[in-house]
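One structure is given here, and the rest of the page talks about it.
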Amino acid sequence: MAQCGFVFADKISTRTGVSVSGVPLAILAGAALNNLPNYRVVNSTLCTPGVSFAKSGLLKLGIACVGLKLSAADVASVGLCSIPIVLTSVTAGLVVVPLLAKRAGLTPKLGQLLAVGTGVCGVTAISALAPVIGATSAEVSIAVANVAAFGTIGMLLLPTVAHTLLGDVPQAAGALLGTGIHDTAQVFGAALTYRNAYNDDAAFEVAAVTKLTRNLSLAIAIPWLAAGVTNAGSSHSIGTANTGGGASQALVRKAIPSFLVFFLLASVARGAGDAYFGSKNLETHLAWQRAVHLVGTEFGAKQCLGTAMAGVGLSLSFKAFAGVGVKPFLVGGAGALVVAGVGLFGAAALAAATRASRKIRGNESEKK
C-alpha cells in the first residue's frame, strides 16, 4: 500500500508538475479499502498481524532510525527552541478542553481524556491517563475516536498550511507540525508528507524532535496525576482501576515511550559516529554519512514510516464514530483548533524572529 502510494505520487507529480507526497495517498487508499462494504482489514485474521506490526513495530523502528539523522547536540538544540511552543500548546489543550467539555455537559473524565489526547500525545496519553482517573471503556473509546478523526485531518492538511505560511523557515514549519497534530504516528506522517512534497529534511527533523519533546511532558504529567490519585485514595477509583504503588510505577514507565528512548540512543550514536569517523580519512567519513542516510532516511523515514502510515489507513474504521453523538466531537474539534492555533502562533513568532535575524546578518554582510 505504501509503495503504491509512492508510485502514484511520483506519476502525478511528473504529469502535473505539482509536488505530491505518497503518504496521504497511502493513508486514504488504506482507509477506503478498510471501509468497503463487508470488508474490514482489521477484522481479517490474515491481515490483522501485519497491520498491527506496521502501526506499532515499524513505527517504533522508523522513529529510532530517524534518530540517526540528528546528533544528540542537534536534538538538544532543536528541543530547546521548541520548548516554549510545546509548553504553550500543551497548556492550552489541558486548560481549554476540560472547560469546553464542562460547558458541553460531558463528564469530567472524558474532558480530561480529550485534553491529554489533543494537547499532549494522542492515544499514548489517553491510555496512560485512563486508569489513573478510572475512566470507562466508553470514555476511552470516544477520546481515541477524536484523536483518530482530528489527528488524521491535521495530518492531511497541516503540511500544506505549514509550507504556505512558514515554508521559508523550516524550523517554524516543523514546529507547527510537531505541535498542531495529535498522535505521534500522525505527526511523523505529516512530517514525512512535508519532506517528500517539499524536499525539506530540516522541517521533518524539527517536527520529529518537537513531537518527542511533547511526549516528554507526559512523563511529568502522569507521575503527578498518579500521586494525586494515591493521596486521594479510592474515591478516584472506578471499576477495576488500580492506583497502588505498582500501578503508579507502571504508569510512569508507560509515560516514557520506548521509541523515545531508542530515538535518543540513536542520536547519541550519530554524534559519536560523527566524531569518530570525522577524524578519519575522507573516504571513511563519506561512507559513514552514506550509511546514516541509508538507515535514517531511506529505510527509517521512507520505508518504515511510510508502511506504518499505510497501516494507520488500513486500521481506520468509520464505524468507530457511529453512535457517539456530536458533542464530544465538537469539543474535540474545538480543542484541536485551539492547540493548532497556539502552535501556529508560536511557530509564526519563531519564523518572524528567524527572518529578522537573517535580515540583520544580511545588513551586516553588506556593510562589510
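Each chain of the C-alpha cells is named A, B, ... in the order shown, its residues numbered from 1; ligands are numbered from 1 in display order.
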
Given only C-alpha atoms, how would the per-residue table for region 153-187 of chain A near region 58-67 of chain A read, listing every residue at most 12 Å away with its closest atom pair and distance in Å to one decimal, sorted by chain and number, as JSON lines?
```
{"residue": "A:Asp183", "atom": "CA", "partner": "A:Leu59", "partner_atom": "CA", "distance": 11.9}
{"residue": "A:Thr184", "atom": "CA", "partner": "A:Leu59", "partner_atom": "CA", "distance": 9.2}
{"residue": "A:Ala185", "atom": "CA", "partner": "A:Leu59", "partner_atom": "CA", "distance": 7.0}
{"residue": "A:Gln186", "atom": "CA", "partner": "A:Leu59", "partner_atom": "CA", "distance": 10.5}
{"residue": "A:Val187", "atom": "CA", "partner": "A:Ile63", "partner_atom": "CA", "distance": 11.2}
```

I need the residues from that last selection saved to file as a tab-separated table (two decimals), in the first residue's frame (with C-alpha atoms), if you can.
```tsv
chain	number	residue	atom	x	y	z
A	183	ASP	CA	-0.68	11.36	17.83
A	184	THR	CA	2.99	10.50	17.30
A	185	ALA	CA	2.22	8.42	14.21
A	186	GLN	CA	0.16	11.24	12.74
A	187	VAL	CA	2.93	13.82	13.32
```

Would you list the contacts of region 260-265 of chain A as JSON, numbers by chain, taking every protein, DNA or RNA residue within 10 Å and counting only C-alpha atoms, but skipping same-chain residues closer than 3 positions in sequence? {"A": [60, 61, 62, 63, 64, 65, 66, 67, 68, 69, 70, 71, 72, 75, 76, 208, 209, 212, 213, 215, 216, 256, 257, 268, 269, 270, 271]}

Would you export the selected residues with N, CA and C atoms as a short mmCIF file (atom, residue, chain, number, x, y, z; two decimals), in the first residue's frame, please?
```cif
data_model
loop_
_atom_site.label_atom_id
_atom_site.label_comp_id
_atom_site.auth_asym_id
_atom_site.auth_seq_id
_atom_site.Cartn_x
_atom_site.Cartn_y
_atom_site.Cartn_z
N LYS A 60 7.82 2.31 15.52
CA LYS A 60 8.86 2.49 16.52
C LYS A 60 10.25 2.34 15.91
N LEU A 61 10.40 1.35 15.02
CA LEU A 61 11.69 1.14 14.37
C LEU A 61 12.04 2.35 13.50
N GLY A 62 11.04 2.87 12.79
CA GLY A 62 11.28 4.03 11.94
C GLY A 62 11.69 5.26 12.74
N ILE A 63 11.03 5.49 13.87
CA ILE A 63 11.37 6.64 14.71
C ILE A 63 12.79 6.50 15.26
N ALA A 64 13.15 5.28 15.69
CA ALA A 64 14.51 5.05 16.19
C ALA A 64 15.54 5.31 15.09
N CYS A 65 15.26 4.86 13.88
CA CYS A 65 16.20 5.08 12.77
C CYS A 65 16.32 6.56 12.43
N VAL A 66 15.21 7.28 12.53
CA VAL A 66 15.25 8.72 12.26
C VAL A 66 16.19 9.42 13.24
N GLY A 67 16.36 8.85 14.43
CA GLY A 67 17.30 9.42 15.39
C GLY A 67 18.71 9.52 14.85
N LEU A 68 19.06 8.66 13.88
CA LEU A 68 20.39 8.71 13.29
C LEU A 68 20.58 9.94 12.40
N LYS A 69 19.49 10.60 12.03
CA LYS A 69 19.58 11.78 11.20
C LYS A 69 20.03 13.01 11.99
N LEU A 70 19.96 12.91 13.31
CA LEU A 70 20.30 14.04 14.17
C LEU A 70 21.25 13.61 15.27
N SER A 71 22.30 14.36 15.49
CA SER A 71 23.18 14.07 16.62
C SER A 71 22.50 14.52 17.91
N ALA A 72 23.03 14.07 19.03
CA ALA A 72 22.46 14.47 20.32
C ALA A 72 22.49 15.98 20.50
N VAL A 75 19.58 17.40 18.55
CA VAL A 75 18.33 17.15 19.28
C VAL A 75 18.16 18.14 20.41
N ALA A 76 19.24 18.35 21.16
CA ALA A 76 19.16 19.30 22.29
C ALA A 76 18.88 20.71 21.80
N ALA A 208 9.93 16.02 14.17
CA ALA A 208 10.17 14.81 14.97
C ALA A 208 10.60 15.16 16.38
N VAL A 209 11.58 16.05 16.51
CA VAL A 209 12.08 16.40 17.84
C VAL A 209 11.02 17.16 18.64
N LEU A 212 8.52 14.64 19.97
CA LEU A 212 9.07 13.84 21.05
C LEU A 212 9.27 14.67 22.31
N THR A 213 9.53 15.97 22.14
CA THR A 213 9.57 16.88 23.30
C THR A 213 8.19 16.96 23.93
N ASN A 215 5.99 14.59 23.87
CA ASN A 215 5.79 13.32 24.56
C ASN A 215 6.42 13.32 25.95
N LEU A 216 7.54 14.02 26.06
CA LEU A 216 8.22 14.07 27.36
C LEU A 216 7.35 14.73 28.44
N ILE A 256 6.91 7.13 29.42
CA ILE A 256 8.14 7.35 28.65
C ILE A 256 8.19 6.27 27.58
N PRO A 257 7.70 6.55 26.37
CA PRO A 257 7.63 5.53 25.32
C PRO A 257 9.01 4.98 24.98
N VAL A 268 22.59 9.78 20.03
CA VAL A 268 23.89 9.72 20.70
C VAL A 268 24.88 8.95 19.81
N ALA A 269 24.42 7.84 19.23
CA ALA A 269 25.27 7.05 18.33
C ALA A 269 25.68 7.88 17.11
N ARG A 270 24.76 8.70 16.59
CA ARG A 270 25.10 9.55 15.45
C ARG A 270 26.20 10.55 15.84
N GLY A 271 26.05 11.18 16.99
CA GLY A 271 27.06 12.14 17.43
C GLY A 271 28.42 11.48 17.63
#
```

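What separates CA of Ala347 (chain A) from CA of Asn146 (chain A) is a distance of 24.3 Å.
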
For the interface of region 6-118 of chain A with region 156-169 of chain A (cut-off 10 Å, counting only C-alpha atoms), please tabulate each contacting residue of region 6-118 of chain A alongside its nearest pair of atoms and their separation in Å to one decimal, rows sorted by chain and increasing number, as JSON lines.
```
{"residue": "A:Val23", "atom": "CA", "partner": "A:Leu156", "partner_atom": "CA", "distance": 9.2}
{"residue": "A:Pro24", "atom": "CA", "partner": "A:Leu156", "partner_atom": "CA", "distance": 6.3}
{"residue": "A:Leu25", "atom": "CA", "partner": "A:Leu156", "partner_atom": "CA", "distance": 9.6}
{"residue": "A:Ile27", "atom": "CA", "partner": "A:Leu156", "partner_atom": "CA", "distance": 9.3}
{"residue": "A:Leu28", "atom": "CA", "partner": "A:Leu156", "partner_atom": "CA", "distance": 9.5}
```

Writer output for current selection, N, CA and C atoms, as a PDB file, in the first residue's frame:
```pdb
ATOM      1  N   VAL A  23       2.484   9.602   0.996  1.00  0.00           N
ATOM      2  CA  VAL A  23       1.988   9.220   2.327  1.00  0.00           C
ATOM      3  C   VAL A  23       0.476   9.408   2.459  1.00  0.00           C
ATOM      4  N   PRO A  24      -0.078  10.615   2.182  1.00  0.00           N
ATOM      5  CA  PRO A  24      -1.531  10.744   2.300  1.00  0.00           C
ATOM      6  C   PRO A  24      -2.291   9.856   1.322  1.00  0.00           C
ATOM      7  N   LEU A  25      -1.713   9.604   0.144  1.00  0.00           N
ATOM      8  CA  LEU A  25      -2.369   8.703  -0.810  1.00  0.00           C
ATOM      9  C   LEU A  25      -2.461   7.295  -0.231  1.00  0.00           C
ATOM     10  N   ILE A  27      -2.470   6.495   2.977  1.00  0.00           N
ATOM     11  CA  ILE A  27      -3.413   6.522   4.105  1.00  0.00           C
ATOM     12  C   ILE A  27      -4.852   6.494   3.605  1.00  0.00           C
ATOM     13  N   LEU A  28      -5.166   7.355   2.644  1.00  0.00           N
ATOM     14  CA  LEU A  28      -6.535   7.434   2.128  1.00  0.00           C
ATOM     15  C   LEU A  28      -6.931   6.147   1.408  1.00  0.00           C
TER      16      LEU A  28
END
```

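Taking CA of Phe345 (chain A) as the reference point, CA of Ala207 (chain A) is found at 15.7 Å.
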
Using only C-alpha atoms, find each residue in region 120-142 of chain A having at least one atom no more than 12 Å away from region 84-103 of chain A; report its shortest atom-to-atom pair and that distance in Å (one decimal), rows by chain then rising number, as a Markdown table.
```
| residue | atom | partner | partner_atom | distance |
| --- | --- | --- | --- | --- |
| A:Val120 | CA | A:Val90 | CA | 5.7 |
| A:Cys121 | CA | A:Val90 | CA | 9.3 |
| A:Gly122 | CA | A:Gly93 | CA | 11.6 |
| A:Ala125 | CA | A:Leu94 | CA | 11.8 |
```

Those residues with C-alpha atoms, as a PDB file, in the first residue's frame please?
```pdb
ATOM      1  CA  VAL A 120      -0.103  16.025  24.734  1.00  0.00           C
ATOM      2  CA  CYS A 121       0.323  12.917  22.606  1.00  0.00           C
ATOM      3  CA  GLY A 122      -2.847  11.276  21.384  1.00  0.00           C
ATOM      4  CA  ALA A 125      -1.628   9.937  26.655  1.00  0.00           C
TER       5      ALA A 125
END
```

Restricting to only C-alpha atoms, whichever of A:Leu218, A:Ala356, A:Ala202, A:Gly346 is closest to Ala128 (chain A) is A:Leu218

Determine, counting only C-alpha atoms, which protein, DNA and RNA residues have an atom within 10 Å of an atom of Ile142 (chain A); residues of the same chain fewer than 2 positions away are not included. Present the result as a short mmCIF file (atom, residue, chain, number, x, y, z; two decimals) with N, CA and C atoms, in the first residue's frame.
```
data_model
loop_
_atom_site.label_atom_id
_atom_site.label_comp_id
_atom_site.auth_asym_id
_atom_site.auth_seq_id
_atom_site.Cartn_x
_atom_site.Cartn_y
_atom_site.Cartn_z
N LEU A 110 -14.06 12.38 30.72
CA LEU A 110 -13.97 12.45 29.26
C LEU A 110 -13.28 13.75 28.85
N LEU A 113 -9.58 13.22 29.30
CA LEU A 113 -9.03 12.35 28.26
C LEU A 113 -8.90 13.10 26.92
N LEU A 114 -9.92 13.87 26.59
CA LEU A 114 -9.85 14.67 25.36
C LEU A 114 -8.72 15.69 25.44
N SER A 137 -14.52 2.37 29.61
CA SER A 137 -14.09 1.98 28.26
C SER A 137 -14.78 2.85 27.21
N ALA A 138 -16.02 3.26 27.47
CA ALA A 138 -16.75 4.11 26.52
C ALA A 138 -16.07 5.48 26.41
N GLU A 139 -15.65 6.04 27.55
CA GLU A 139 -14.98 7.34 27.53
C GLU A 139 -13.64 7.26 26.80
N VAL A 140 -12.92 6.17 27.03
CA VAL A 140 -11.65 5.97 26.34
C VAL A 140 -11.87 5.86 24.84
N VAL A 144 -10.33 8.29 21.95
CA VAL A 144 -9.49 7.73 20.88
C VAL A 144 -10.08 8.05 19.51
N ALA A 145 -11.42 7.98 19.39
CA ALA A 145 -12.07 8.31 18.13
C ALA A 145 -11.81 9.76 17.73
N ASN A 146 -11.78 10.65 18.71
CA ASN A 146 -11.47 12.06 18.44
C ASN A 146 -10.04 12.21 17.92
N VAL A 147 -9.11 11.50 18.55
CA VAL A 147 -7.72 11.56 18.09
C VAL A 147 -7.61 11.05 16.66
N ALA A 148 -8.30 9.95 16.37
CA ALA A 148 -8.26 9.40 15.02
C ALA A 148 -8.84 10.38 14.00
N ALA A 320 -16.29 3.42 14.00
CA ALA A 320 -15.91 3.81 15.36
C ALA A 320 -16.55 5.12 15.77
N PHE A 321 -16.96 5.92 14.79
CA PHE A 321 -17.55 7.23 15.07
C PHE A 321 -19.07 7.18 15.18
N VAL A 324 -21.83 7.84 18.73
CA VAL A 324 -21.15 8.55 19.81
C VAL A 324 -21.87 9.84 20.15
N GLY A 325 -22.48 10.47 19.17
CA GLY A 325 -23.09 11.78 19.38
C GLY A 325 -22.14 12.88 18.93
N PRO A 328 -19.06 15.31 21.85
CA PRO A 328 -17.62 15.04 22.07
C PRO A 328 -16.76 15.48 20.89
N PHE A 329 -17.31 15.36 19.68
CA PHE A 329 -16.52 15.74 18.51
C PHE A 329 -16.48 17.25 18.31
N GLY A 332 -13.80 18.07 20.83
CA GLY A 332 -12.51 17.61 20.30
C GLY A 332 -12.04 18.47 19.14
#
```

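Take CA of Asn196 (chain A) and CA of Gln289 (chain A): the distance between them is 20.3 Å.
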